[in-house]
$ cat upload-v3.txt   # compact mmCIF, C-alpha atoms
# COMPACT_ATOMS: atom_id res chain seq x y z
CA MET A 1 82.36 160.05 91.31
CA ALA A 2 84.31 163.08 92.56
CA SER A 3 87.71 161.63 91.71
CA SER A 4 88.92 158.96 89.28
CA LEU A 5 91.79 156.54 89.75
CA THR A 6 95.07 156.53 87.87
CA GLN A 7 96.26 153.35 86.15
CA GLU A 8 98.75 152.72 88.97
CA GLU A 9 95.98 153.04 91.55
CA GLU A 10 93.76 150.63 89.61
CA ASN A 11 96.68 148.21 89.54
CA TYR A 12 96.88 148.47 93.32
CA VAL A 13 93.15 147.77 93.75
CA ARG A 14 93.19 144.74 91.44
CA LEU A 15 96.29 143.28 93.10
CA SER A 16 94.74 143.91 96.53
CA LEU A 17 91.56 142.06 95.55
CA LEU A 18 93.63 139.20 94.14
CA LEU A 19 95.80 138.84 97.25
CA THR A 20 93.12 139.39 99.88
CA GLY A 21 90.14 137.79 98.14
CA ILE A 22 91.28 134.87 95.98
CA SER A 23 94.78 133.86 97.13
CA PRO A 24 93.74 132.99 100.74
CA ARG A 25 91.21 130.48 99.37
CA ALA A 26 93.92 128.91 97.21
CA ALA A 27 96.21 128.58 100.24
CA ARG A 28 93.32 127.13 102.21
CA ALA A 29 92.77 124.47 99.55
CA LEU A 30 96.23 123.09 100.30
CA PHE A 31 95.72 123.42 104.04
CA ASP A 32 92.44 121.48 103.92
CA GLN A 33 94.21 118.66 102.08
CA GLU A 34 96.62 118.34 105.00
CA PHE A 35 94.06 119.00 107.75
CA ALA A 36 90.62 117.71 106.83
CA PRO A 37 88.01 120.31 107.95
CA SER A 38 85.83 117.61 109.53
CA CYS A 39 88.53 116.70 112.05
CA LEU A 40 90.50 119.95 112.28
CA ALA A 41 89.78 120.39 115.99
CA SER A 42 91.10 116.95 116.91
CA SER A 43 94.14 117.39 114.64
CA LEU A 44 95.07 120.63 116.40
CA LYS A 45 94.54 119.07 119.85
CA LYS A 46 97.05 116.37 118.96
CA GLU A 47 99.58 119.11 118.24
CA TYR A 48 98.70 121.14 121.35
CA ASN A 49 102.13 120.88 122.98
CA LYS A 50 103.96 121.88 119.84
CA LEU A 51 101.59 124.80 119.27
CA LYS A 52 101.92 125.88 122.89
CA ASP A 53 105.68 125.91 122.48
CA LEU A 54 105.31 128.12 119.39
CA GLN A 55 103.15 130.46 121.44
CA ARG A 56 105.74 130.62 124.22
CA LYS A 57 108.37 131.49 121.61
CA ARG A 58 106.02 134.19 120.26
CA VAL A 59 105.93 132.57 116.85
CA LEU A 60 102.19 132.17 117.40
CA ASN A 61 100.38 135.22 118.80
CA GLN A 62 97.30 135.31 121.04
CA SER A 63 94.87 136.19 118.25
CA GLN A 64 96.05 133.21 116.23
CA TRP A 65 95.86 130.98 119.29
CA ASN A 66 92.23 132.00 119.81
CA LEU A 67 91.42 130.92 116.26
CA LEU A 68 93.02 127.53 116.80
CA PHE A 69 91.43 126.93 120.21
CA PRO A 70 88.24 129.00 120.41
CA ARG A 71 86.03 128.91 123.45
CA VAL A 72 83.48 126.10 123.66
CA PRO A 73 81.08 125.53 121.89
CA ASN A 74 82.98 127.09 118.98
CA VAL A 75 85.36 124.99 116.90
CA PRO A 76 88.32 126.00 114.71
CA ASP A 77 87.53 126.70 111.07
CA SER A 78 90.20 127.12 108.40
CA LYS A 79 87.99 129.75 106.71
CA SER A 80 89.02 132.11 109.51
CA PHE A 81 92.76 131.47 108.97
CA ASP A 82 94.73 133.98 106.92
CA VAL A 83 97.70 133.12 104.71
CA THR A 84 100.19 133.87 107.49
CA LEU A 85 98.58 131.42 109.90
CA ILE A 86 98.13 128.77 107.21
CA ILE A 87 101.82 128.92 106.33
CA LEU A 88 102.81 128.88 110.00
CA LEU A 89 100.81 125.68 110.60
CA LEU A 90 101.94 123.93 107.43
CA ARG A 91 105.63 124.66 108.02
CA ASN A 92 105.53 123.53 111.66
CA LEU A 93 102.99 120.70 111.72
CA THR A 94 103.47 118.89 108.40
CA ASN A 95 106.20 117.12 106.48
CA LEU A 96 105.75 119.24 103.36
CA THR A 97 109.08 120.08 101.76
CA PRO A 98 109.73 123.81 102.23
CA PRO A 99 110.82 126.03 99.32
CA HIS A 100 114.55 126.00 98.55
CA VAL A 101 114.94 129.57 99.80
CA GLY A 102 112.43 129.23 102.64
CA TYR A 103 109.01 130.78 103.08
CA ASP A 104 110.22 134.36 103.50
CA ARG A 105 111.78 134.93 100.07
CA LEU A 106 110.47 134.80 96.52
CA PRO A 107 111.13 131.37 94.98
CA SER A 108 112.69 131.04 91.54
CA PHE A 109 110.26 130.89 88.59
CA ASN A 110 110.99 127.20 87.92
CA GLU A 111 110.19 126.10 91.47
CA THR A 112 106.49 125.20 91.44
CA SER A 113 105.89 123.05 94.51
CA PRO A 114 102.81 123.83 96.67
CA THR A 115 104.96 125.33 99.42
CA SER A 116 106.78 127.51 96.87
CA ASP A 117 103.42 128.82 95.69
CA LEU A 118 102.51 129.67 99.27
CA ALA A 119 105.79 131.57 99.57
CA ARG A 120 104.98 133.49 96.37
CA ILE A 121 101.61 134.56 97.73
CA LYS A 122 103.17 135.57 101.05
CA TYR A 123 105.92 137.55 99.31
CA TYR A 124 103.54 139.64 97.24
CA ARG A 125 101.15 140.17 100.14
CA ASN A 126 104.06 141.63 102.11
CA LEU A 127 105.13 143.70 99.12
CA LEU A 128 101.65 145.16 98.79
CA ALA A 129 101.46 145.91 102.51
CA HIS A 130 104.56 148.11 102.26
CA LEU A 131 103.31 150.25 99.38
CA ASP A 132 102.34 153.33 101.38
CA GLU A 133 101.05 155.38 98.44
CA GLY A 134 98.57 152.78 97.21
CA LYS A 135 100.10 152.61 93.71
CA VAL A 136 101.65 149.82 91.64
CA ASP A 137 103.48 150.58 88.39
CA ASN A 138 102.62 148.53 85.30
CA THR A 139 105.83 146.50 85.25
CA THR A 140 105.55 145.47 88.91
CA PHE A 141 101.85 144.76 88.46
CA THR A 142 102.37 142.46 85.47
CA THR A 143 105.14 140.49 87.21
CA ALA A 144 103.25 140.20 90.49
CA TRP A 145 99.96 139.33 88.82
CA ASP A 146 101.44 136.56 86.68
CA ASN A 147 103.35 135.06 89.62
CA VAL A 148 100.38 135.10 91.98
CA VAL A 149 97.85 133.85 89.41
CA ASP A 150 100.12 130.94 88.46
CA ALA A 151 100.42 130.04 92.15
CA ILE A 152 96.66 130.30 92.66
CA SER A 153 96.00 128.13 89.60
CA ARG A 154 98.27 125.35 90.82
CA LEU A 155 96.87 125.44 94.36
CA GLY A 156 93.21 126.12 93.65
CA GLY A 157 92.55 124.77 90.19
CA GLN A 158 90.97 126.07 86.99
CA GLN A 159 87.94 127.66 88.63
CA MET A 160 90.10 130.01 90.69
CA LYS A 161 92.22 130.72 87.62
CA GLN A 162 89.04 131.87 85.86
CA GLU A 163 88.19 134.13 88.80
CA CYS A 164 91.62 135.73 88.47
CA ASP A 165 91.17 136.28 84.72
CA ASN A 166 87.78 137.90 85.33
CA LEU A 167 89.18 140.15 88.04
CA LYS A 168 91.94 141.44 85.75
CA VAL A 169 89.49 142.84 83.19
CA LYS A 170 86.41 143.63 85.27
CA ILE A 171 85.28 147.23 85.54
CA LEU A 172 85.95 148.42 89.07
CA ASP A 173 82.65 149.31 90.71
CA GLN A 174 81.92 152.17 93.06
CA SER A 175 82.86 150.24 96.20
CA ASN A 176 86.27 149.23 94.77
CA LYS A 177 87.04 152.83 93.86
CA GLU A 178 85.88 154.09 97.23
CA ILE A 179 88.26 151.65 98.91
CA MET A 180 91.11 153.10 96.86
CA LEU A 181 90.09 156.67 97.63
CA ASP A 182 89.97 155.80 101.33
CA ILE A 183 93.50 154.46 101.01
CA LYS A 184 94.59 157.69 99.30
CA ARG A 185 92.97 159.80 102.01
CA SER A 186 94.56 157.70 104.73
CA TYR A 187 97.95 158.00 103.05
CA ASN A 188 97.62 161.78 102.84
CA GLU A 189 96.60 161.94 106.49
CA ILE A 190 99.55 159.78 107.51
CA LYS A 191 101.88 161.90 105.39
CA GLU A 192 100.60 165.09 107.03
CA MET A 193 100.92 163.49 110.44
CA LYS A 194 104.53 162.48 109.75
CA GLU A 195 105.33 166.02 108.60
CA SER A 196 103.75 167.44 111.75
CA VAL A 197 105.72 165.04 113.94
CA GLU A 198 108.95 165.90 112.12
CA SER A 199 108.25 169.62 112.59
CA LEU A 200 107.60 169.07 116.29
CA GLU A 201 110.79 167.05 116.62
CA LYS A 202 112.82 169.81 114.97
CA ALA A 203 111.17 172.42 117.18
CA ASN A 204 111.94 170.30 120.25
CA GLU A 205 115.58 169.98 119.17
CA VAL A 206 115.90 173.75 118.81
CA MET A 207 114.16 174.29 122.13
CA THR A 208 116.44 171.77 123.84
CA VAL A 209 119.53 173.55 122.54
CA GLU A 210 118.22 176.91 123.68
CA MET A 211 117.26 175.53 127.09
CA ASN A 212 120.74 174.08 127.53
CA LYS A 213 122.28 177.44 126.65
CA LEU A 214 119.99 179.18 129.11
CA LYS A 215 120.78 176.62 131.80
CA LEU A 216 124.52 177.14 131.31
CA SER A 217 124.13 180.89 131.45
CA TYR A 218 122.40 180.60 134.83
CA GLU A 219 125.01 178.21 136.18
CA ASP A 220 127.94 180.28 134.95
CA THR A 221 127.50 183.70 136.63
CA VAL A 222 131.10 184.81 135.92
CA PRO A 223 131.40 186.72 132.60
CA TRP A 224 133.49 184.86 130.03
CA ASN A 225 136.12 187.63 129.72
CA ILE A 226 136.72 187.75 133.49
CA ARG A 227 136.79 183.93 133.71
CA GLY A 228 139.41 183.85 130.95
CA LYS A 229 141.54 186.45 132.76
CA TYR A 230 141.24 184.47 136.01
CA ILE A 231 142.38 181.26 134.33
CA PHE A 232 145.31 183.07 132.62
CA ASN A 233 146.51 184.56 135.92
CA ASN A 234 146.36 181.19 137.68
CA GLN A 235 148.44 179.61 134.93
CA GLU A 236 151.12 182.27 135.46
CA LEU A 237 151.22 181.46 139.19
$ encode --input "upload-v3.txt" --output "structure tokens"
Amino acid sequence: MASSLTQEEENYVRLSLLLTGISPRAARALFDQEFAPSCLASSLKKEYNKLKDLQRKRVLNQSQWNLLFPRVPNVPDSKSFDVTLIILLLRNLTNLTPPHVGYDRLPSFNETSPTSDLARIKYYRNLLAHLDEGKVDNTTFTTAWDNVVDAISRLGGQQMKQECDNLKVKILDQSNKEIMLDIKRSYNEIKEMKESVESLEKANEVMTVEMNKLKLSYEDTVPWNIRGKYIFNNQEL
């Protein structure tokens, strides 16, 4: 391979695989307990009015709506729901007790209800999404990993816990590394694009100032020294 990954980049890859590969299945395990897969379509139809209201309020977007009510002969399948949609449905259509601090903040370590574990997964997914450089330092990685794995274990059971343990020590294969290198390349491209935009914005600002000066010089055809003399004489009168 032309380029190797740093420890922080490997941390990012492992956490990405944990949050995008294993954690959605753990969240789905809870969802399927509340909405049996065999009657998911009928369950959603019963909640049609409430879901339609969420769509009108833009809590539910069109892509999510299409997953809930696909065109015939297709039927909804929770395997196509991501963590965001799963949480949205559980918080609006069930009587599950929400986390003490809500679904949008990280729960305290001693709060271990199913909904708190969903909030943990959501929190770290959002954290990962905002790491532009594709790196996670060792301290953040250890904290995030332990929190997410504990949540997955409680929601998905021992088998998923074993998958997490295997993922933490597995040797990253070529495809995993290529994903990371693609992220690095994309980040560099975005960084260069931002720098180009900033340069253009600065150039536009300078050009705007110069254009305004030029415009004023055309509008004001009386030399400044003569204009000043004219104003002074008028004040004396």
$ atom_distance --input "upload-v3.txt" --atom1 "atom CA of Ala144 of chain A" --atom2 "atom CA of Leu15 of chain A"
8.0 Å
$ atom_distance --input "upload-v3.txt" --atom1 "atom CA of Lys135 of chain A" --atom2 "atom CA of Ile121 of chain A"
18.6 Å
$ residues_around --input "upload-v3.txt" --residues "Leu85 of chain A" --least-positions-apart "4" --cutoff "12 Å" --atoms "all atoms listed in the file" --output "list in words"
Pro24, Ala27, Arg28, Phe31, Leu51, Val59, Leu60, Asn61, Gln62, Ser63, Gln64, Trp65, Asn66, Leu67, Leu68, Ser78, Lys79, Ser80, Phe81, Leu89, Leu90, Arg91, Asn92, Leu93, Leu118 and Lys122 of chain A
$ closest_residue --input "upload-v3.txt" --among "A:Ser43, A:Leu30, A:Phe69, A:Lys57" --to "Ser113 of chain A" --atoms "all atoms listed in the file"
A:Leu30
$ closest_residue --input "upload-v3.txt" --among "A:Val136, A:Val13, A:Val169, A:Ala26" --to "Val148 of chain A" --atoms "all atoms listed in the file"
A:Ala26
$ closest_residue --input "upload-v3.txt" --among "A:Asp82, A:Glu163, A:Glu8, A:Asp77" --to "Arg125 of chain A" --atoms "all atoms listed in the file"
A:Asp82
$ closest_residue --input "upload-v3.txt" --among "A:Ala119, A:Leu18, A:Leu44, A:Cys39" --to "Phe141 of chain A" --atoms "only C-alpha atoms"
A:Leu18
